[in-house]
Amino acid sequence: MYTDKKSILQLAVLLKAHGVRKIVLCPGSRDIPIIQTLANIPDFTCYPVTDERSAGFFAIGLALHGGSPAAVCCTSGTALLNLHPAVAEAFYQQIPLVVISADRPGAWIGQMDGQTLPQPGVFGPLVKRSVNLPEVVTEEDEWYCNRLLNEALLELNHHGRGPIHINVPISDPFFKLPVTELPEARVITRYQGLSVYDKDYQPLIDRLNRYQRRMVIVGQMNLIYLFDKKYTKMLYKHFAWFTENISNRTIPGQAIRNIEPLLCSMNFEAQEKMRPELVITYGGHVISKRLKNFLRRHPPKEHWHVSPDGEVMDLYGSLTTVIEMDPFEFLEKIAPMMENRTPDYPRQWEALSKAIPQAEFTYSEMSAIGKVIRNLPTPCSLHLANSSTVRYAQLFDVPEEVEILSNRGTNGIEGSLSTAIGYAAVSEKLNFILIGDLSFFYDMNALWNANYGSNIRILLLNNSGGEIFHALPGLELHENARRFVTATHQTSAKAWAEDRGFEYLSAHNEGELNTAVAHFVQPSITNRPMLFEVFTDKAQDVEKLKEYYHNLKH
């Protein structure tokens with residue numbers, strides 16, 4: 001019989017899945033549901049030890065014999081602190097020790113309730129990973145709990161061995177044992193390279209070949225990688241390749257880039273028909289919210305994330321495998337192992353993508369971005385500021401020779417201009433900066449220095465406020481709150497630009513836009529940097545954007 005606490009059930013299943021078999025159990029009340037569950041699982045050998053100080057070192061002895069990880073479980077309060085010496089020993093001796101601590105609900109910590117103290121992170125740098133499990137109520141809680149447990153347990157032997165800490169808050173009542181079977185739980189596996197010395201990876205390749213609906217998604221990558229032609233031919237036909245323009249040139253062939261309009265044109269049933277079986281990801285952040293929602297609502301059977309650091313990145317909620325290696329090395333390694341038959345799945349996505357017409361807008365923020373992007377001279381660098389600017393830029397095809405950069409690590413508006421100016425200061429190419437008014441004025445002191453030259457062209461989209469907030473689906477702003485949320489203003493950059501030595505251009509309509517763009521994108525570096533300020537109406541911008549997406553659905 002097992003507890004009904006879902007976090008503890010997940011813990012039990014994943015301890016077993018990650019090779020923990022020997023568990024030291026210390027007496028107490030708050031850890032009763034953990035003890036009763038673990039002690040009733042035949043796969044575990046449990047050892048009762050009353051003194052936690054001794055229990056920790058006893059568990060070290062178990063782990064040292066054979067090298068497999070061992071666990072020690074204690075109740076809440078100072079019981080956990082008594083494990084500290086053993087944790088320190090395990091850390092410096094690199095012993096895979098799992099410390100499991102029961103805890104009171106977070107609301108009662110520091111409220112004079114019995115046996116309470118701040119337990120999460122109590123071991124500081126002496127553990128390789130410390131996680132505080134949520135008490136599972138919703139499906140998202142359960143996914144989060146599962147992810148944290150996998151992250152922690154994978155760390156037992158990642159870049160050397162060592163201890164981890166899993167803290168388990170437990171609310172009343174917790175004495176009941178109504179569950180008769182352990183649930184299934186997702187197990188995340190990590191491959192450190194594809195080497196037979198790490199683990200047998202043939203089953204991985206077998207699964208890869210078995211799946212016919214395969215998708216690769218590439219996030220932000222600030223580089224260009226030129227695949228050998230022999231790998232391009234082997235790889236391209238086997239996957240539906242999805243990238244955004246911030247991914248730059250990092251796939252072996254042509255990619256599907258019009259992700260937002262493509263997915264917008266598909267209803268739920270159409271998306272379900274195109275559900276992938278396997279998703280492989282590499283690179284950084286992905287901009288498209290529709291892509292994230294598509295894969296969360298229509299999850300693949302497996303998601304493999306390939307990265308040099310081997311960290312767990314479960315963006316779509318279906319991660320099964322982490323492959324710790326350079327993604328291009330991974331692709332080139334699997335290329336000769338792919339079966340020759342060509343699946344229809346990539347061609348189906350390509351046909352759907354090609355059926356989407358190119359985005360066209362009348363005078364607006366979107367049309368200004370589109371006109372500049374379509375007429376960029378090559379080679380050059382394109383800097384996309386957050387937040388509406390980088391999203392709208394995804395609607396247009398960027399010339400392949402254009403390098404694209406954007407602060408998508410945290411997606412904040414601060415620093416976009418400063419980063420671009422810093423990059424341009426050491427670049428010999430033209431650097432085009434597309435930026436919204438709030439981002440620009442927030443960071444306008446980026447121009448308050450003498451470190452830049454004439455290779456800078458700034459397209460400033462000024463619609464007197466944060467237009468993207470108006471575009472949020474379902475958001476209705478009360479008039480009293482509107483000016484606080486959208487930061488409305490009546491500011492122009494003209495005086496500041498001219499004071500800083502910029503050639504200033506502006507547009508208020510289609511004709512002025514066309515005239516100014518022709519001058520703005522000229523391929524030769526002029527004697528002064530340029531700032532091109534485009535004034536639009538945010539209400540009209542939003543309506544045109546909504547109309548564009550509405551038409552895609554019909």
# chains A, B, ... in the order shown; residues from 1 in each chain; ligands from 1
$ select_by_dssp --residues "stretch 14-229 of chain A" --states "strand (DSSP E or B)" --output "compact mmCIF listing (two decimals) with all heavy atoms, in the first residue's frame"
# COMPACT_ATOMS: atom_id res chain seq x y z
N LYS A 22 19.16 1.16 -2.56
CA LYS A 22 19.44 1.06 -1.13
C LYS A 22 19.05 2.37 -0.45
O LYS A 22 19.55 3.44 -0.82
CB LYS A 22 20.92 0.74 -0.90
CG LYS A 22 21.33 -0.63 -1.46
CD LYS A 22 22.83 -0.83 -1.44
CE LYS A 22 23.51 -0.08 -2.57
NZ LYS A 22 24.95 -0.45 -2.73
N ILE A 23 18.18 2.30 0.54
CA ILE A 23 17.63 3.50 1.17
C ILE A 23 17.68 3.37 2.69
O ILE A 23 17.20 2.38 3.26
CB ILE A 23 16.17 3.75 0.74
CG1 ILE A 23 16.08 3.80 -0.80
CG2 ILE A 23 15.65 5.04 1.34
CD1 ILE A 23 14.66 3.93 -1.32
N VAL A 24 18.28 4.35 3.33
CA VAL A 24 18.32 4.42 4.80
C VAL A 24 17.14 5.27 5.26
O VAL A 24 16.95 6.40 4.80
CB VAL A 24 19.64 5.04 5.28
CG1 VAL A 24 19.67 5.09 6.80
CG2 VAL A 24 20.83 4.25 4.74
N LEU A 25 16.34 4.72 6.17
CA LEU A 25 15.14 5.40 6.64
C LEU A 25 15.29 5.80 8.10
O LEU A 25 15.57 4.95 8.96
CB LEU A 25 13.91 4.49 6.47
CG LEU A 25 13.62 4.04 5.03
CD1 LEU A 25 12.47 3.03 5.01
CD2 LEU A 25 13.29 5.24 4.14
N THR A 45 15.88 -2.01 -0.93
CA THR A 45 16.35 -2.59 0.33
C THR A 45 16.47 -1.44 1.32
O THR A 45 17.25 -0.50 1.10
CB THR A 45 17.72 -3.26 0.16
OG1 THR A 45 17.61 -4.28 -0.84
CG2 THR A 45 18.18 -3.87 1.47
N CYS A 46 15.68 -1.49 2.39
CA CYS A 46 15.62 -0.37 3.34
C CYS A 46 16.33 -0.73 4.64
O CYS A 46 16.24 -1.87 5.14
CB CYS A 46 14.17 0.01 3.62
SG CYS A 46 13.29 0.63 2.15
N TYR A 47 17.02 0.28 5.21
CA TYR A 47 17.78 0.10 6.44
C TYR A 47 17.33 1.13 7.46
O TYR A 47 17.44 2.34 7.23
CB TYR A 47 19.28 0.30 6.17
CG TYR A 47 19.84 -0.59 5.09
CD1 TYR A 47 19.74 -0.23 3.74
CD2 TYR A 47 20.49 -1.78 5.40
CE1 TYR A 47 20.27 -1.04 2.75
CE2 TYR A 47 21.03 -2.60 4.40
CZ TYR A 47 20.91 -2.22 3.07
OH TYR A 47 21.43 -3.02 2.09
N PRO A 48 16.82 0.69 8.64
CA PRO A 48 16.42 1.65 9.66
C PRO A 48 17.63 2.12 10.48
O PRO A 48 18.39 1.31 11.00
CB PRO A 48 15.45 0.84 10.53
CG PRO A 48 15.91 -0.58 10.38
CD PRO A 48 16.48 -0.69 9.00
N ALA A 70 22.97 5.65 -3.24
CA ALA A 70 22.15 5.27 -2.08
C ALA A 70 21.41 6.51 -1.59
O ALA A 70 21.83 7.64 -1.86
CB ALA A 70 23.03 4.71 -0.96
N ALA A 71 20.32 6.28 -0.88
CA ALA A 71 19.50 7.39 -0.39
C ALA A 71 19.37 7.33 1.12
O ALA A 71 19.47 6.25 1.72
CB ALA A 71 18.11 7.35 -1.05
N VAL A 72 19.12 8.49 1.70
CA VAL A 72 18.80 8.58 3.13
C VAL A 72 17.61 9.51 3.27
O VAL A 72 17.58 10.58 2.66
CB VAL A 72 20.01 9.06 3.96
CG1 VAL A 72 20.54 10.40 3.46
CG2 VAL A 72 19.67 9.13 5.45
N CYS A 73 16.63 9.10 4.04
CA CYS A 73 15.39 9.85 4.20
C CYS A 73 15.19 10.23 5.65
O CYS A 73 15.35 9.39 6.56
CB CYS A 73 14.21 9.02 3.70
SG CYS A 73 12.59 9.79 3.97
N CYS A 74 14.84 11.50 5.91
CA CYS A 74 14.63 11.96 7.29
C CYS A 74 13.37 12.81 7.38
O CYS A 74 12.80 13.23 6.36
CB CYS A 74 15.84 12.75 7.79
SG CYS A 74 16.03 14.36 7.01
N LEU A 97 24.92 10.36 -3.40
CA LEU A 97 24.04 10.24 -2.23
C LEU A 97 22.78 11.07 -2.46
O LEU A 97 22.86 12.25 -2.79
CB LEU A 97 24.78 10.74 -0.99
CG LEU A 97 23.97 10.77 0.32
CD1 LEU A 97 23.66 9.35 0.80
CD2 LEU A 97 24.73 11.54 1.40
N VAL A 98 21.62 10.44 -2.26
CA VAL A 98 20.34 11.13 -2.39
C VAL A 98 19.80 11.44 -0.99
O VAL A 98 19.51 10.51 -0.23
CB VAL A 98 19.31 10.28 -3.15
CG1 VAL A 98 17.99 11.05 -3.31
CG2 VAL A 98 19.85 9.85 -4.50
N VAL A 99 19.69 12.71 -0.66
CA VAL A 99 19.11 13.11 0.62
C VAL A 99 17.65 13.48 0.38
O VAL A 99 17.34 14.38 -0.41
CB VAL A 99 19.87 14.31 1.22
CG1 VAL A 99 19.17 14.79 2.49
CG2 VAL A 99 21.32 13.94 1.51
N ILE A 100 16.75 12.78 1.05
CA ILE A 100 15.31 13.03 0.92
C ILE A 100 14.81 13.56 2.27
O ILE A 100 14.94 12.88 3.29
CB ILE A 100 14.55 11.74 0.57
CG1 ILE A 100 15.11 11.13 -0.72
CG2 ILE A 100 13.06 12.01 0.43
CD1 ILE A 100 14.67 9.68 -0.93
N SER A 101 14.27 14.76 2.27
CA SER A 101 13.78 15.34 3.52
C SER A 101 12.30 15.65 3.42
O SER A 101 11.84 16.32 2.49
CB SER A 101 14.55 16.63 3.86
OG SER A 101 14.47 17.56 2.80
N ALA A 102 11.53 15.13 4.36
CA ALA A 102 10.13 15.53 4.47
C ALA A 102 10.09 16.95 5.05
O ALA A 102 11.00 17.36 5.78
CB ALA A 102 9.38 14.56 5.37
N ASP A 103 9.05 17.69 4.71
CA ASP A 103 8.97 19.09 5.15
C ASP A 103 7.52 19.44 5.45
O ASP A 103 6.59 18.80 4.96
CB ASP A 103 9.53 20.01 4.06
CG ASP A 103 9.92 21.38 4.59
OD1 ASP A 103 9.75 21.64 5.80
OD2 ASP A 103 10.41 22.21 3.79
N ARG A 129 22.70 19.34 -6.80
CA ARG A 129 21.38 19.88 -7.15
C ARG A 129 20.47 19.79 -5.94
O ARG A 129 20.47 18.78 -5.23
CB ARG A 129 20.78 19.11 -8.33
CG ARG A 129 19.47 19.67 -8.89
CD ARG A 129 19.65 21.05 -9.51
NE ARG A 129 20.58 21.04 -10.61
CZ ARG A 129 20.25 21.01 -11.90
NH1 ARG A 129 18.98 20.93 -12.24
NH2 ARG A 129 21.18 21.04 -12.83
N SER A 130 19.71 20.84 -5.71
CA SER A 130 18.73 20.85 -4.62
C SER A 130 17.38 21.24 -5.21
O SER A 130 17.29 22.26 -5.90
CB SER A 130 19.14 21.84 -3.53
OG SER A 130 18.16 21.91 -2.52
N VAL A 131 16.36 20.43 -4.97
CA VAL A 131 15.03 20.74 -5.50
C VAL A 131 14.00 20.69 -4.38
O VAL A 131 14.13 19.91 -3.43
CB VAL A 131 14.62 19.77 -6.63
CG1 VAL A 131 15.54 19.92 -7.83
CG2 VAL A 131 14.58 18.32 -6.16
N ASN A 132 13.01 21.55 -4.51
CA ASN A 132 11.89 21.60 -3.56
C ASN A 132 10.64 21.21 -4.32
O ASN A 132 10.16 21.98 -5.16
CB ASN A 132 11.77 23.00 -2.96
CG ASN A 132 10.73 23.08 -1.87
OD1 ASN A 132 10.69 22.23 -0.98
ND2 ASN A 132 9.87 24.10 -1.92
N ILE A 164 22.79 14.91 -3.94
CA ILE A 164 21.69 15.81 -4.30
C ILE A 164 20.72 15.86 -3.12
O ILE A 164 20.74 14.99 -2.25
CB ILE A 164 20.96 15.33 -5.57
CG1 ILE A 164 20.31 13.96 -5.33
CG2 ILE A 164 21.90 15.31 -6.77
CD1 ILE A 164 19.31 13.54 -6.38
N HIS A 165 19.86 16.88 -3.12
CA HIS A 165 18.89 17.03 -2.04
C HIS A 165 17.49 17.19 -2.63
O HIS A 165 17.27 18.07 -3.48
CB HIS A 165 19.24 18.26 -1.18
CG HIS A 165 18.23 18.57 -0.11
ND1 HIS A 165 18.04 19.83 0.40
CD2 HIS A 165 17.34 17.76 0.55
CE1 HIS A 165 17.09 19.79 1.31
NE2 HIS A 165 16.66 18.55 1.43
N ILE A 166 16.57 16.35 -2.19
CA ILE A 166 15.17 16.43 -2.63
C ILE A 166 14.32 16.73 -1.40
O ILE A 166 14.21 15.91 -0.49
CB ILE A 166 14.72 15.11 -3.28
CG1 ILE A 166 15.56 14.82 -4.52
CG2 ILE A 166 13.23 15.17 -3.63
CD1 ILE A 166 15.34 13.43 -5.10
N ASN A 167 13.73 17.93 -1.36
CA ASN A 167 12.88 18.33 -0.24
C ASN A 167 11.42 18.12 -0.61
O ASN A 167 10.98 18.52 -1.70
CB ASN A 167 13.12 19.80 0.11
CG ASN A 167 12.50 20.19 1.44
OD1 ASN A 167 12.86 19.62 2.47
ND2 ASN A 167 11.58 21.15 1.43
N VAL A 168 10.65 17.48 0.30
CA VAL A 168 9.28 17.06 -0.02
C VAL A 168 8.29 17.65 0.98
O VAL A 168 8.07 17.07 2.06
CB VAL A 168 9.17 15.51 -0.02
CG1 VAL A 168 7.82 15.08 -0.58
CG2 VAL A 168 10.30 14.86 -0.80
N PRO A 169 7.68 18.80 0.68
CA PRO A 169 6.64 19.33 1.56
C PRO A 169 5.43 18.39 1.57
O PRO A 169 5.02 17.89 0.52
CB PRO A 169 6.28 20.69 0.93
CG PRO A 169 7.46 21.03 0.06
CD PRO A 169 7.98 19.71 -0.43
N VAL A 179 -3.47 3.92 -2.05
CA VAL A 179 -3.05 3.58 -3.40
C VAL A 179 -2.45 2.17 -3.41
O VAL A 179 -1.60 1.84 -2.59
CB VAL A 179 -2.02 4.60 -3.93
CG1 VAL A 179 -1.50 4.19 -5.31
CG2 VAL A 179 -2.64 5.99 -3.98
N THR A 189 16.27 10.51 -19.68
CA THR A 189 17.58 9.87 -19.78
C THR A 189 18.57 10.85 -20.37
O THR A 189 18.23 11.64 -21.24
CB THR A 189 17.50 8.63 -20.69
OG1 THR A 189 16.49 7.75 -20.18
CG2 THR A 189 18.82 7.88 -20.73
N ARG A 190 19.80 10.81 -19.87
CA ARG A 190 20.85 11.67 -20.43
C ARG A 190 21.95 10.81 -21.06
O ARG A 190 22.44 9.86 -20.44
CB ARG A 190 21.47 12.57 -19.37
CG ARG A 190 22.58 13.48 -19.93
CD ARG A 190 23.33 14.23 -18.85
NE ARG A 190 22.59 15.37 -18.36
CZ ARG A 190 22.20 15.53 -17.09
NH1 ARG A 190 22.46 14.59 -16.21
NH2 ARG A 190 21.55 16.61 -16.72
N TYR A 191 22.31 11.15 -22.30
CA TYR A 191 23.46 10.56 -22.97
C TYR A 191 24.56 11.61 -23.00
O TYR A 191 24.33 12.73 -23.46
CB TYR A 191 23.12 10.16 -24.41
CG TYR A 191 22.20 8.97 -24.54
CD1 TYR A 191 20.82 9.12 -24.37
CD2 TYR A 191 22.70 7.71 -24.83
CE1 TYR A 191 19.97 8.04 -24.49
CE2 TYR A 191 21.85 6.62 -24.95
CZ TYR A 191 20.49 6.79 -24.77
OH TYR A 191 19.65 5.71 -24.89
N ARG A 214 9.01 12.96 -37.84
CA ARG A 214 10.12 13.52 -37.09
C ARG A 214 10.25 15.02 -37.37
O ARG A 214 10.18 15.44 -38.54
CB ARG A 214 11.42 12.81 -37.46
CG ARG A 214 11.41 11.32 -37.16
CD ARG A 214 12.72 10.66 -37.53
NE ARG A 214 12.89 10.55 -38.96
CZ ARG A 214 13.02 9.40 -39.63
NH1 ARG A 214 12.98 8.25 -38.98
NH2 ARG A 214 13.19 9.38 -40.93
N MET A 215 10.45 15.78 -36.32
CA MET A 215 10.55 17.24 -36.44
C MET A 215 11.80 17.71 -35.70
O MET A 215 12.10 17.22 -34.61
CB MET A 215 9.30 17.90 -35.83
CG MET A 215 9.30 19.42 -35.81
SD MET A 215 7.81 20.10 -34.98
CE MET A 215 6.55 19.66 -36.18
N VAL A 216 12.52 18.66 -36.30
CA VAL A 216 13.64 19.32 -35.63
C VAL A 216 13.29 20.79 -35.46
O VAL A 216 12.84 21.45 -36.41
CB VAL A 216 14.95 19.20 -36.45
CG1 VAL A 216 16.06 20.00 -35.78
CG2 VAL A 216 15.36 17.74 -36.58
N ILE A 217 13.47 21.30 -34.25
CA ILE A 217 13.22 22.71 -33.97
C ILE A 217 14.52 23.34 -33.48
O ILE A 217 15.14 22.84 -32.53
CB ILE A 217 12.12 22.88 -32.89
CG1 ILE A 217 10.81 22.24 -33.36
CG2 ILE A 217 11.91 24.36 -32.57
CD1 ILE A 217 9.77 22.15 -32.27
N VAL A 218 14.93 24.41 -34.13
CA VAL A 218 16.18 25.08 -33.78
C VAL A 218 15.86 26.43 -33.16
O VAL A 218 15.19 27.26 -33.79
CB VAL A 218 17.09 25.26 -35.01
CG1 VAL A 218 18.44 25.83 -34.59
CG2 VAL A 218 17.28 23.92 -35.72
$ closest_atom_pairs --of "stretch 40-71 of chain A" --to "stretch 2-12 of chain A" --cutoff "12 Å" --atoms "only C-alpha atoms" --output "tab-separated table"
residue	atom	partner	partner_atom	distance
A:Asn40	CA	A:Tyr2	CA	7.3
A:Ile41	CA	A:Ala12	CA	8.5
A:Pro42	CA	A:Ala12	CA	11.5
A:Asp43	CA	A:Ala12	CA	10.2
A:Phe44	CA	A:Ala12	CA	9.5
A:Ala71	CA	A:Ala12	CA	11.4
$ residues_around --residues "A:Ala255" --least-positions-apart "6" --cutoff "7 Å" --atoms "only C-alpha atoms" --output "JSON, numbers by chain"
{"A": [241, 242, 243]}
$ closest_residue --among "A:Gln93, A:Gln522, A:Gln192, A:Gln119" --to "A:Leu81" --atoms "only C-alpha atoms"
A:Gln119
$ residues_around --residues "A:Glu512" --least-positions-apart "4" --cutoff "12 Å" --atoms "only C-alpha atoms" --output "VMD selection string"
chain A and resid 363 368 505 to 508 516 to 520 532 to 535
$ write_last_selection --atoms "all heavy atoms" --output "short mmCIF file (atom, residue, chain, number, x, y, z; two decimals), in the first residue's frame"
data_model
loop_
_atom_site.label_atom_id
_atom_site.label_comp_id
_atom_site.auth_asym_id
_atom_site.auth_seq_id
_atom_site.Cartn_x
_atom_site.Cartn_y
_atom_site.Cartn_z
N TYR A 363 0.24 50.64 -44.48
CA TYR A 363 1.14 51.41 -43.61
C TYR A 363 0.90 51.09 -42.13
O TYR A 363 -0.21 51.24 -41.61
CB TYR A 363 0.95 52.91 -43.85
CG TYR A 363 1.89 53.75 -43.02
CD1 TYR A 363 3.24 53.84 -43.35
CD2 TYR A 363 1.44 54.43 -41.89
CE1 TYR A 363 4.13 54.59 -42.59
CE2 TYR A 363 2.31 55.18 -41.11
CZ TYR A 363 3.65 55.25 -41.46
OH TYR A 363 4.52 55.99 -40.70
N ALA A 368 6.52 48.65 -42.10
CA ALA A 368 7.84 49.28 -42.02
C ALA A 368 8.93 48.23 -41.81
O ALA A 368 9.98 48.25 -42.46
CB ALA A 368 7.86 50.30 -40.88
N LEU A 505 15.70 60.61 -40.18
CA LEU A 505 14.65 60.42 -41.17
C LEU A 505 13.35 60.12 -40.43
O LEU A 505 13.37 59.61 -39.30
CB LEU A 505 14.97 59.24 -42.09
CG LEU A 505 16.37 59.17 -42.71
CD1 LEU A 505 16.57 57.82 -43.38
CD2 LEU A 505 16.56 60.29 -43.70
N SER A 506 12.23 60.42 -41.07
CA SER A 506 10.95 60.10 -40.43
C SER A 506 9.90 59.78 -41.48
O SER A 506 10.04 60.13 -42.65
CB SER A 506 10.46 61.28 -39.55
OG SER A 506 10.15 62.40 -40.35
N ALA A 507 8.86 59.10 -41.05
CA ALA A 507 7.74 58.75 -41.93
C ALA A 507 6.45 58.76 -41.13
O ALA A 507 6.43 58.29 -39.98
CB ALA A 507 7.96 57.40 -42.59
N HIS A 508 5.38 59.29 -41.78
CA HIS A 508 4.06 59.31 -41.16
C HIS A 508 3.02 58.65 -42.06
O HIS A 508 1.85 58.55 -41.68
CB HIS A 508 3.62 60.74 -40.86
CG HIS A 508 4.53 61.48 -39.92
ND1 HIS A 508 5.74 62.02 -40.32
CD2 HIS A 508 4.42 61.72 -38.58
CE1 HIS A 508 6.33 62.60 -39.28
NE2 HIS A 508 5.56 62.43 -38.22
N ALA A 516 11.92 57.12 -47.63
CA ALA A 516 12.96 57.04 -46.61
C ALA A 516 13.66 55.69 -46.61
O ALA A 516 14.87 55.60 -46.39
CB ALA A 516 12.37 57.34 -45.23
N VAL A 517 12.90 54.58 -46.83
CA VAL A 517 13.51 53.25 -46.82
C VAL A 517 14.59 53.13 -47.88
O VAL A 517 15.66 52.55 -47.64
CB VAL A 517 12.43 52.15 -47.01
CG1 VAL A 517 13.07 50.81 -47.37
CG2 VAL A 517 11.60 51.98 -45.75
N ALA A 518 14.34 53.69 -49.06
CA ALA A 518 15.33 53.62 -50.14
C ALA A 518 16.66 54.23 -49.73
O ALA A 518 17.73 53.71 -50.06
CB ALA A 518 14.78 54.33 -51.38
N HIS A 519 16.61 55.33 -48.97
CA HIS A 519 17.83 55.97 -48.48
C HIS A 519 18.41 55.18 -47.30
O HIS A 519 19.63 55.02 -47.18
CB HIS A 519 17.53 57.41 -48.07
CG HIS A 519 18.72 58.15 -47.56
ND1 HIS A 519 19.83 58.45 -48.32
CD2 HIS A 519 19.00 58.66 -46.31
CE1 HIS A 519 20.73 59.10 -47.61
NE2 HIS A 519 20.24 59.24 -46.37
N PHE A 520 17.53 54.68 -46.45
CA PHE A 520 17.94 54.02 -45.21
C PHE A 520 18.72 52.74 -45.47
O PHE A 520 19.63 52.39 -44.71
CB PHE A 520 16.68 53.72 -44.38
CG PHE A 520 16.93 53.13 -43.02
CD1 PHE A 520 17.52 53.87 -42.01
CD2 PHE A 520 16.55 51.82 -42.75
CE1 PHE A 520 17.73 53.31 -40.76
CE2 PHE A 520 16.76 51.27 -41.50
CZ PHE A 520 17.36 52.02 -40.50
N PHE A 532 15.92 56.33 -38.27
CA PHE A 532 14.69 56.46 -39.07
C PHE A 532 13.51 56.19 -38.16
O PHE A 532 13.28 55.08 -37.71
CB PHE A 532 14.75 55.45 -40.22
CG PHE A 532 13.54 55.40 -41.10
CD1 PHE A 532 12.64 56.46 -41.17
CD2 PHE A 532 13.30 54.28 -41.89
CE1 PHE A 532 11.53 56.40 -41.99
CE2 PHE A 532 12.20 54.21 -42.72
CZ PHE A 532 11.31 55.27 -42.76
N GLU A 533 12.73 57.23 -37.86
CA GLU A 533 11.61 57.12 -36.92
C GLU A 533 10.30 57.03 -37.71
O GLU A 533 9.96 57.93 -38.48
CB GLU A 533 11.58 58.32 -35.98
CG GLU A 533 10.60 58.18 -34.83
CD GLU A 533 10.82 59.20 -33.72
OE1 GLU A 533 11.51 60.22 -33.95
OE2 GLU A 533 10.32 58.97 -32.60
N VAL A 534 9.59 55.93 -37.52
CA VAL A 534 8.33 55.68 -38.22
C VAL A 534 7.19 55.83 -37.22
O VAL A 534 7.12 55.09 -36.23
CB VAL A 534 8.32 54.28 -38.86
CG1 VAL A 534 6.97 54.01 -39.51
CG2 VAL A 534 9.44 54.16 -39.88
N PHE A 535 6.29 56.77 -37.48
CA PHE A 535 5.18 57.04 -36.58
C PHE A 535 3.93 56.32 -37.09
O PHE A 535 3.53 56.48 -38.26
CB PHE A 535 4.90 58.54 -36.51
CG PHE A 535 6.03 59.33 -35.89
CD1 PHE A 535 7.05 59.84 -36.69
CD2 PHE A 535 6.08 59.56 -34.53
CE1 PHE A 535 8.09 60.58 -36.13
CE2 PHE A 535 7.12 60.29 -33.95
CZ PHE A 535 8.13 60.79 -34.77
#
$ residues_around --residues "stretch 202-213 of chain A" --least-positions-apart "4" --cutoff "6 Å" --atoms "only C-alpha atoms" --output "ChimeraX atom specification"
/A:276-277,343,345
$ closest_residue --among "A:Asp228, A:Asn527, A:Asn551, A:Trp448" --to "A:Cys264" --atoms "only C-alpha atoms"
A:Asn551
$ atom_distance --atom1 "atom CA of A:Leu62" --atom2 "atom CA of A:His159"
21.6 Å
$ residues_around --residues "A:Asp537" --least-positions-apart "5" --cutoff "8 Å" --atoms "only C-alpha atoms" --output "PDB file with N, CA and C atoms, in the first residue's frame"
ATOM      1  N   SER A 364       1.960  50.621 -41.485  1.00  0.00           N
ATOM      2  CA  SER A 364       1.888  50.181 -40.090  1.00  0.00           C
ATOM      3  C   SER A 364       3.292  49.839 -39.623  1.00  0.00           C
ATOM      4  N   ASN A 463       4.803  54.268 -31.914  1.00  0.00           N
ATOM      5  CA  ASN A 463       3.340  54.359 -31.924  1.00  0.00           C
ATOM      6  C   ASN A 463       2.812  54.845 -30.581  1.00  0.00           C
ATOM      7  N   SER A 464       3.658  55.576 -29.859  1.00  0.00           N
ATOM      8  CA  SER A 464       3.261  56.270 -28.617  1.00  0.00           C
ATOM      9  C   SER A 464       2.866  55.321 -27.497  1.00  0.00           C
TER      10      SER A 464
END
$ atom_distance --atom1 "atom CA of A:Glu302" --atom2 "atom CA of A:Glu272"
15.7 Å
$ atom_distance --atom1 "atom CA of A:Ser416" --atom2 "atom CA of A:Glu260"
23.2 Å
$ closest_residue --among "A:Leu531, A:Ala335, A:Ile369, A:Ile32" --to "A:Ser388" --atoms "only C-alpha atoms"
A:Ile369
$ select_by_dssp --residues "stretch 294-498 of chain A" --states "alpha helix (DSSP H)" --output "PyMOL selection string"
chain A and resi 294-297+327-334+345-354+365-374+388-393+416-425+437-442+467-470+479-486+494-498
